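So this block is final-v7.txt, compact mmCIF, C-alpha atoms:
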# COMPACT_ATOMS: atom_id res chain seq x y z
CA MET A 948 185.46 80.20 79.79
CA SER A 949 183.37 77.19 80.79
CA ASN A 950 181.46 76.91 77.49
CA ASN A 951 182.83 74.52 74.90
CA TRP A 952 183.90 76.42 71.78
CA SER A 953 185.66 73.50 70.14
CA GLU A 954 185.06 73.49 66.37
CA ILE A 955 182.07 75.85 66.60
CA PRO A 956 181.86 77.80 63.32
CA VAL A 957 182.16 81.45 64.30
CA LEU A 958 182.00 84.57 62.15
CA VAL A 959 183.72 87.78 63.26
CA THR A 960 183.33 91.01 61.30
CA GLY A 961 185.92 93.78 61.47
CA ALA A 962 188.50 91.36 62.87
CA GLY A 963 191.43 93.69 62.19
CA GLY A 964 190.22 96.23 64.74
CA PHE A 965 191.36 96.74 68.33
CA ILE A 966 188.73 94.95 70.44
CA THR A 967 187.91 92.56 67.62
CA SER A 968 191.48 91.31 67.23
CA HIS A 969 191.61 90.44 70.93
CA LEU A 970 188.27 88.64 70.62
CA THR A 971 189.46 86.76 67.52
CA ARG A 972 192.66 85.65 69.25
CA GLU A 973 190.71 84.37 72.26
CA LEU A 974 188.29 82.44 70.04
CA VAL A 975 191.27 80.77 68.34
CA ARG A 976 192.74 79.90 71.73
CA LEU A 977 189.43 78.35 72.79
CA GLY A 978 189.37 76.12 69.73
CA ALA A 979 186.57 77.71 67.72
CA LYS A 980 186.52 77.46 63.94
CA VAL A 981 187.11 81.14 63.31
CA ASN A 982 186.10 82.90 60.10
CA VAL A 983 186.67 86.62 59.75
CA ILE A 984 185.29 89.19 57.34
CA VAL A 985 187.54 92.19 56.81
CA ARG A 986 187.67 94.99 54.26
CA PRO A 987 189.78 94.13 51.21
CA HIS A 988 193.42 95.20 51.57
CA SER A 989 193.08 95.68 55.35
CA ASP A 990 196.26 95.81 57.40
CA LEU A 991 195.93 92.77 59.66
CA TRP A 992 199.03 93.39 61.78
CA ARG A 993 197.07 92.76 64.97
CA LEU A 994 196.35 89.21 63.76
CA SER A 995 199.81 88.41 62.41
CA ASP A 996 200.52 85.70 64.99
CA ILE A 997 197.28 83.78 64.28
CA ILE A 998 196.80 84.52 60.59
CA ASP A 999 197.32 80.86 59.65
CA ARG A 1000 194.68 79.71 62.15
CA ILE A 1001 191.74 81.70 60.83
CA GLN A 1002 189.81 81.74 57.56
CA ILE A 1003 189.83 85.21 56.03
CA PHE A 1004 187.13 86.59 53.74
CA PRO A 1005 188.12 90.00 52.29
CA THR A 1006 184.67 91.50 51.77
CA ASP A 1007 183.27 94.91 52.63
CA ILE A 1008 180.00 94.65 54.57
CA THR A 1009 178.49 97.23 52.22
CA ASN A 1010 178.85 94.62 49.45
CA ALA A 1011 175.57 92.74 49.93
CA ALA A 1012 176.21 90.15 47.20
CA GLY A 1013 179.73 89.39 48.38
CA LEU A 1014 178.54 89.11 51.96
CA MET A 1015 175.77 86.71 50.95
CA HIS A 1016 178.29 84.49 49.17
CA ASP A 1017 180.71 84.41 52.11
CA VAL A 1018 178.08 83.80 54.78
CA LYS A 1019 176.60 80.85 52.88
CA LYS A 1020 180.08 79.35 52.64
CA ILE A 1021 180.81 79.87 56.34
CA ASN A 1022 177.35 78.89 57.69
CA PRO A 1023 178.23 80.28 61.15
CA GLN A 1024 176.61 79.26 64.40
CA ILE A 1025 177.66 82.38 66.29
CA ILE A 1026 178.27 85.83 64.80
CA PHE A 1027 180.22 88.64 66.44
CA HIS A 1028 179.45 91.79 64.46
CA LEU A 1029 181.97 94.51 65.28
CA ALA A 1030 182.74 95.97 61.84
CA ALA A 1031 181.99 99.69 61.89
CA LYS A 1032 183.01 103.09 60.64
CA THR A 1033 183.95 105.14 63.69
CA ASP A 1034 184.22 108.91 63.83
CA ILE A 1035 182.56 110.92 66.62
CA ASN A 1036 182.89 114.21 64.74
CA ARG A 1037 179.50 115.91 64.59
CA SER A 1038 179.67 117.02 60.95
CA LEU A 1039 176.53 115.95 59.09
CA GLU A 1040 178.66 115.34 56.02
CA LEU A 1041 179.64 112.04 57.66
CA LEU A 1042 176.09 110.75 57.75
CA PRO A 1043 175.93 108.95 54.35
CA ALA A 1044 179.13 106.98 55.00
CA MET A 1045 178.12 106.15 58.58
CA MET A 1046 174.69 104.90 57.52
CA ALA A 1047 176.15 102.90 54.62
CA VAL A 1048 178.52 100.96 56.88
CA ASN A 1049 177.02 100.95 60.36
CA PHE A 1050 173.34 100.64 59.47
CA GLN A 1051 173.10 99.20 55.96
CA GLY A 1052 176.11 96.95 56.58
CA THR A 1053 174.28 95.44 59.56
CA VAL A 1054 171.15 95.00 57.43
CA ASN A 1055 173.23 93.31 54.72
CA LEU A 1056 174.78 90.90 57.19
CA LEU A 1057 171.47 89.90 58.73
CA ASN A 1058 169.95 89.46 55.27
CA ALA A 1059 172.84 87.16 54.37
CA LEU A 1060 172.06 85.06 57.44
CA GLN A 1061 168.39 84.53 56.57
CA ASP A 1062 168.73 80.93 55.42
CA THR A 1063 171.12 79.85 58.17
CA SER A 1064 170.29 78.45 61.59
CA PHE A 1065 172.59 80.59 63.73
CA SER A 1066 172.20 80.41 67.50
CA CYS A 1067 173.39 83.91 68.42
CA PHE A 1068 174.09 87.18 66.61
CA ILE A 1069 175.93 89.71 68.74
CA ASN A 1070 175.46 93.23 67.47
CA THR A 1071 177.93 95.82 68.71
CA GLY A 1072 176.35 99.07 69.74
CA THR A 1073 178.21 101.92 71.41
CA CYS A 1074 178.08 103.93 74.59
CA GLU A 1075 177.86 106.96 72.28
CA GLU A 1076 174.22 106.05 71.63
CA TYR A 1077 173.34 107.53 75.03
CA GLY A 1078 174.57 110.95 73.94
CA VAL A 1079 173.25 113.72 76.19
CA ASN A 1080 171.54 111.40 78.69
CA GLU A 1081 172.34 111.65 82.38
CA ALA A 1082 174.89 109.21 83.79
CA PRO A 1083 174.96 106.47 84.89
CA PHE A 1084 173.66 105.32 81.52
CA VAL A 1085 171.00 102.61 81.79
CA GLU A 1086 169.79 100.40 78.93
CA THR A 1087 166.20 101.60 79.41
CA GLN A 1088 167.10 105.20 78.61
CA ARG A 1089 166.00 106.46 75.21
CA GLU A 1090 169.00 106.97 72.94
CA ALA A 1091 170.02 110.59 72.38
CA PRO A 1092 172.72 110.48 69.66
CA VAL A 1093 174.70 113.64 68.98
CA SER A 1094 176.71 112.60 65.92
CA PRO A 1095 176.19 110.74 62.63
CA TYR A 1096 178.19 107.87 64.13
CA SER A 1097 176.03 107.50 67.23
CA PHE A 1098 172.86 107.98 65.17
CA SER A 1099 173.84 105.22 62.73
CA LYS A 1100 174.64 102.84 65.57
CA ALA A 1101 171.35 103.61 67.33
CA ALA A 1102 169.52 102.91 64.06
CA ALA A 1103 171.29 99.54 63.77
CA THR A 1104 170.37 98.71 67.36
CA HIS A 1105 166.69 99.43 66.71
CA TYR A 1106 166.77 97.34 63.54
CA CYS A 1107 168.22 94.40 65.47
CA GLN A 1108 165.59 94.80 68.18
CA MET A 1109 162.86 94.85 65.52
CA LEU A 1110 164.10 91.61 63.94
CA HIS A 1111 164.21 89.89 67.31
CA LYS A 1112 160.68 90.99 68.21
CA THR A 1113 159.06 90.35 64.82
CA GLN A 1114 161.03 87.34 63.57
CA GLY A 1115 162.36 85.85 66.78
CA LEU A 1116 165.98 86.10 65.67
CA PRO A 1117 168.49 85.35 68.45
CA ILE A 1118 170.13 88.78 68.59
CA VAL A 1119 171.96 90.48 71.47
CA THR A 1120 173.23 94.07 71.39
CA LEU A 1121 176.27 94.84 73.53
CA ARG A 1122 177.33 98.40 74.26
CA PRO A 1123 181.00 98.40 75.27
CA PHE A 1124 182.10 101.47 77.18
CA LEU A 1125 185.50 103.14 76.81
CA THR A 1126 188.04 100.37 76.30
CA TYR A 1127 191.84 100.38 76.30
CA GLY A 1128 194.74 97.95 76.18
CA PRO A 1129 197.56 96.58 74.02
CA MET A 1130 197.35 97.08 70.24
CA GLN A 1131 195.22 100.21 70.47
CA THR A 1132 196.65 103.01 68.35
CA ALA A 1133 196.69 106.62 69.49
CA GLY A 1134 194.35 108.65 67.28
CA THR A 1135 191.93 110.64 69.43
CA MET A 1136 191.41 108.01 72.13
CA LEU A 1137 192.51 109.07 75.61
CA ILE A 1138 194.56 106.12 76.86
CA PRO A 1139 196.66 105.30 73.76
CA ALA A 1140 197.34 109.00 73.16
CA LEU A 1141 198.34 109.41 76.80
CA VAL A 1142 200.54 106.30 76.74
CA LYS A 1143 202.34 107.57 73.64
CA GLN A 1144 202.88 110.98 75.22
CA CYS A 1145 204.16 109.47 78.47
CA LEU A 1146 206.79 107.50 76.57
CA HIS A 1147 207.89 110.59 74.65
CA GLY A 1148 207.88 113.00 77.61
CA GLY A 1149 207.63 116.77 77.16
CA LYS A 1150 204.56 118.85 77.97
CA LEU A 1151 200.91 118.02 77.40
CA ALA A 1152 198.18 120.66 77.18
CA LEU A 1153 194.97 119.47 78.82
CA THR A 1154 191.64 120.70 80.12
CA LEU A 1155 191.19 121.04 83.87
CA GLY A 1156 190.62 117.28 83.85
CA GLU A 1157 187.66 117.35 86.21
CA GLN A 1158 185.40 115.41 83.84
CA THR A 1159 185.00 111.71 84.57
CA ARG A 1160 185.14 108.68 82.31
CA GLU A 1161 185.01 104.95 82.94
CA LEU A 1162 187.82 102.87 81.48
CA ASN A 1163 187.70 99.14 80.77
CA TYR A 1164 190.59 96.82 80.01
CA VAL A 1165 190.10 94.99 76.73
CA ASP A 1166 190.31 91.45 78.17
CA ASP A 1167 187.28 92.18 80.35
CA ILE A 1168 185.25 93.39 77.37
CA VAL A 1169 186.19 90.31 75.33
CA ARG A 1170 185.03 88.07 78.19
CA GLY A 1171 181.67 89.85 78.09
CA TYR A 1172 181.26 89.04 74.40
CA LEU A 1173 182.07 85.38 74.98
CA LEU A 1174 179.62 85.08 77.85
CA ALA A 1175 176.85 86.74 75.84
CA ALA A 1176 177.18 84.14 73.08
CA PHE A 1177 176.06 81.37 75.45
CA SER A 1178 173.57 83.26 77.62
CA PRO A 1179 169.94 82.50 76.67
CA ALA A 1180 168.74 85.26 79.01
CA ALA A 1181 170.66 87.81 76.94
CA ILE A 1182 168.77 87.12 73.70
CA GLY A 1183 166.76 90.16 72.65
CA GLU A 1184 168.48 92.41 75.18
CA ILE A 1185 170.65 95.51 75.04
CA ILE A 1186 173.46 95.19 77.57
CA ASN A 1187 176.08 97.68 78.71
CA LEU A 1188 179.61 96.32 79.04
CA GLY A 1189 181.39 98.57 81.48
CA ASN A 1190 182.58 98.73 85.07
CA GLY A 1191 180.58 101.80 86.07
CA ILE A 1192 183.61 103.29 87.86
CA GLU A 1193 184.21 107.02 87.42
CA TYR A 1194 187.78 108.21 87.01
CA GLN A 1195 188.64 111.88 86.76
CA ILE A 1196 190.77 112.56 83.70
CA LYS A 1197 193.28 114.30 85.95
CA GLU A 1198 193.54 111.14 88.07
CA VAL A 1199 194.04 108.96 84.99
CA VAL A 1200 196.80 111.21 83.63
CA ASN A 1201 198.66 111.30 86.95
CA THR A 1202 198.33 107.52 87.37
CA ALA A 1203 199.76 106.91 83.90
CA ILE A 1204 202.70 109.23 84.58
CA LYS A 1205 203.44 107.47 87.86
CA ILE A 1206 203.18 103.94 86.43
CA SER A 1207 205.40 104.73 83.46
CA ASP A 1208 207.88 106.80 85.47
CA SER A 1209 207.46 109.43 82.77
CA GLN A 1210 208.92 112.94 82.66
CA LEU A 1211 205.71 114.19 81.05
CA VAL A 1212 204.49 117.53 82.41
CA PRO A 1213 200.67 117.80 82.28
CA LEU A 1214 199.40 121.35 81.76
CA PHE A 1215 195.92 121.13 83.28
CA GLY A 1216 193.64 124.01 82.35
CA LYS A 1217 195.61 124.90 79.23
CA LEU A 1218 192.73 123.82 76.97
CA PRO A 1219 189.01 124.62 77.24
CA TYR A 1220 186.42 121.92 77.51
CA ARG A 1221 184.83 120.93 74.21
CA PRO A 1222 181.39 122.38 73.46
CA GLY A 1223 178.84 120.08 75.10
CA GLU A 1224 181.54 118.21 77.06
CA ALA A 1225 179.96 115.53 79.25
CA LEU A 1226 181.26 115.98 82.79
CA HIS A 1227 180.19 112.47 83.79
CA PHE A 1228 180.26 109.47 81.44
CA TYR A 1229 179.80 106.01 82.92
CA CYS A 1230 177.27 103.21 82.85
CA SER A 1231 175.12 101.05 85.03
CA CYS A 1232 176.60 97.55 84.79
CA ARG A 1233 173.85 95.81 86.77
CA LYS A 1234 172.23 94.15 83.75
CA ALA A 1235 175.49 92.59 82.55
CA TYR A 1236 176.02 91.05 85.98
CA GLU A 1237 172.45 89.76 86.25
CA LEU A 1238 172.18 88.32 82.72
CA LEU A 1239 175.76 87.32 81.96
CA GLY A 1240 177.34 86.91 85.38
CA TRP A 1241 179.92 89.41 84.08
CA LYS A 1242 181.91 92.04 85.88
CA THR A 1243 185.32 93.49 85.22
CA GLN A 1244 188.40 91.94 86.80
CA VAL A 1245 191.30 94.17 85.73
CA GLY A 1246 191.75 97.43 87.64
CA LEU A 1247 193.05 100.64 86.08
CA GLU A 1248 196.61 100.38 87.41
CA ASP A 1249 197.05 96.76 86.32
CA GLY A 1250 195.51 97.50 82.94
CA LEU A 1251 197.79 100.48 82.39
CA LYS A 1252 200.85 98.43 83.34
CA LYS A 1253 199.93 95.80 80.74
CA THR A 1254 199.30 98.51 78.16
CA PHE A 1255 202.62 100.25 78.80
CA ALA A 1256 204.46 96.93 78.62
CA TRP A 1257 203.12 96.38 75.11
CA ALA A 1258 203.64 100.00 74.07
CA ARG A 1259 207.31 100.04 75.03
CA GLU A 1260 207.91 97.09 72.70
CA ASN A 1261 205.75 98.49 69.88
CA GLN A 1262 206.24 102.25 69.84
CA ASN A 1263 206.09 102.23 66.05
CA ARG A 1264 202.46 101.12 66.29
CA LEU A 1265 201.30 103.92 68.60
Before we go any further, please render this structure as structure tokens.
Amino acid sequence: MSNNWSEIPVLVTGAGGFITSHLTRELVRLGAKVNVIVRPHSDLWRLSDIIDRIQIFPTDITNAAGLMHDVKKINPQIIFHLAAKTDINRSLELLPAMMAVNFQGTVNLLNALQDTSFSCFINTGTCEEYGVNEAPFVETQREAPVSPYSFSKAAATHYCQMLHKTQGLPIVTLRPFLTYGPMQTAGTMLIPALVKQCLHGGKLALTLGEQTRELNYVDDIVRGYLLAAFSPAAIGEIINLGNGIEYQIKEVVNTAIKISDSQLVPLFGKLPYRPGEALHFYCSCRKAYELLGWKTQVGLEDGLKKTFAWARENQNRL
């Protein structure tokens, strides 16, 4: 990165997460003065190699008073807000918890920053905000959330936009699209689950795999965050971070099997598509290029090779 991060006081929320840990590590490498807010008792295994080079504040973002205390102590110039509760299940029972963390937590953080002179607040939205829209997803489309998670994130986005327009706060909202790479655990995410299965072999029941998704290597996404922090043209904007390249799920599975030399047998068509399955899910990345000068650099094969290299050494983390 060409911008000088040396000794800049930075605040990162949710630093123990997948994308956030990569961002935190890069900020340390660049010489920033890195402060992180994480939930109390969080497992920070992703940060174990840099734990002595960051200042840790164990505070839940739903704790408004605690957040106010920490933010005043940090007095950050740049804030990367990635802390979130993530669950794309459509059960409405999830709504209170999602709103408490994803919406009210964002409100709490911005309230805590009221008496500071920060230069950039980067709010993390999600590609899920687009919901049932037609791909490629463009930032000017009206959000169409289909889950409590995507609704809560869309609400936070609108709140950030309101504060920028009414109070002139320097806020940018980034919407990272599907991201993969080292240190991502399996769960329900496609790539880490596929990587784990490839290493174990056996058979894997799948849909027909004709639906498409775009997949972004984590280093590219991190670079987008760093560029946004020093891009005056990005202030007040919502920006997709994604390569806009469609990959059929079947193609991704076969590529992973080939790269890993796996004995995995994919059983395409064994499972039905989910109700409301989006057959095409990818973004327009034009705005990111025009405002940030950003585009992805790591292709799918290279990204998968890097991911498999990490996974083979850390199978207990998958």
Quiz item: How many Å lie between CA of Gln1002 in chain A and CA of Leu1060 in chain A, rounded to one decimal?
Solution: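 The value is 18.1 Å.
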Quiz prompt | Among the residues A:Leu1211, A:Leu977, A:Ile1069, A:Met1045, the one that comes closest to Thr960 in chain A [using all atoms listed in the file] | solution =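 Between A:Leu1211, A:Leu977, A:Ile1069, A:Met1045, the residue approaching Thr960 in chain A most closely is A:Ile1069.
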Quiz prompt | Test item: residues at most 8 Å from Ser1097 in chain A, all atoms listed in the file, excluding those fewer than 6 positions along its chain, as a list of chain:residue names | solution =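 Non-adjacent residues within range: A:Ile1035, A:Thr1073, A:Glu1075, A:Glu1076, A:Gly1078.
When all atoms listed in the file are used to compute distances to His1227 in chain A, the closest of the residues A:Gly1156, A:Gly1250, A:Pro956, A:Gly1072 turns out to be A:Gly1156.
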Exercise. Could you tell me which of A:Val975, A:Cys1232, A:Ala1011, A:Ile1204 comes closest to Ile1192 in chain A if we count all atoms listed in the file?
Key: A:Cys1232
Quiz prompt | Selected residue of minimal separation from His1147 in chain A among A:Cys1230, A:Ile1026, A:Val1212, A:Met1015, counting all atoms listed in the file | solution = A:Val1212
Quiz item: Which is closer to Ser1099 in chain A than all the others in A:Pro1117, A:Pro1043, A:Gly963, A:Pro1083, using only C-alpha atoms?
Solution: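 When distances to Ser1099 in chain A are compared using only C-alpha atoms, the smallest one comes from A:Pro1043.
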Quiz item: What is the distance, in Å and to one decimal place, between CA of Gln1262 in chain A and CA of Val1199 in chain A?
Solution: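 So the two atoms, CA of Gln1262 in chain A and CA of Val1199 in chain A, lie 20.6 Å apart.
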Quiz item: Between CA of Leu1251 in chain A and CA of Met1136 in chain A, what is the distance, to one decimal in Å?
Solution: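 So the answer is 14.2 Å.
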Quiz item: Using all atoms listed in the file, which residue out of A:Gly1128, A:Gly1216, A:Gly1148, A:Gly1183 lies closest to Val1245 in chain A?
Solution: A:Gly1128
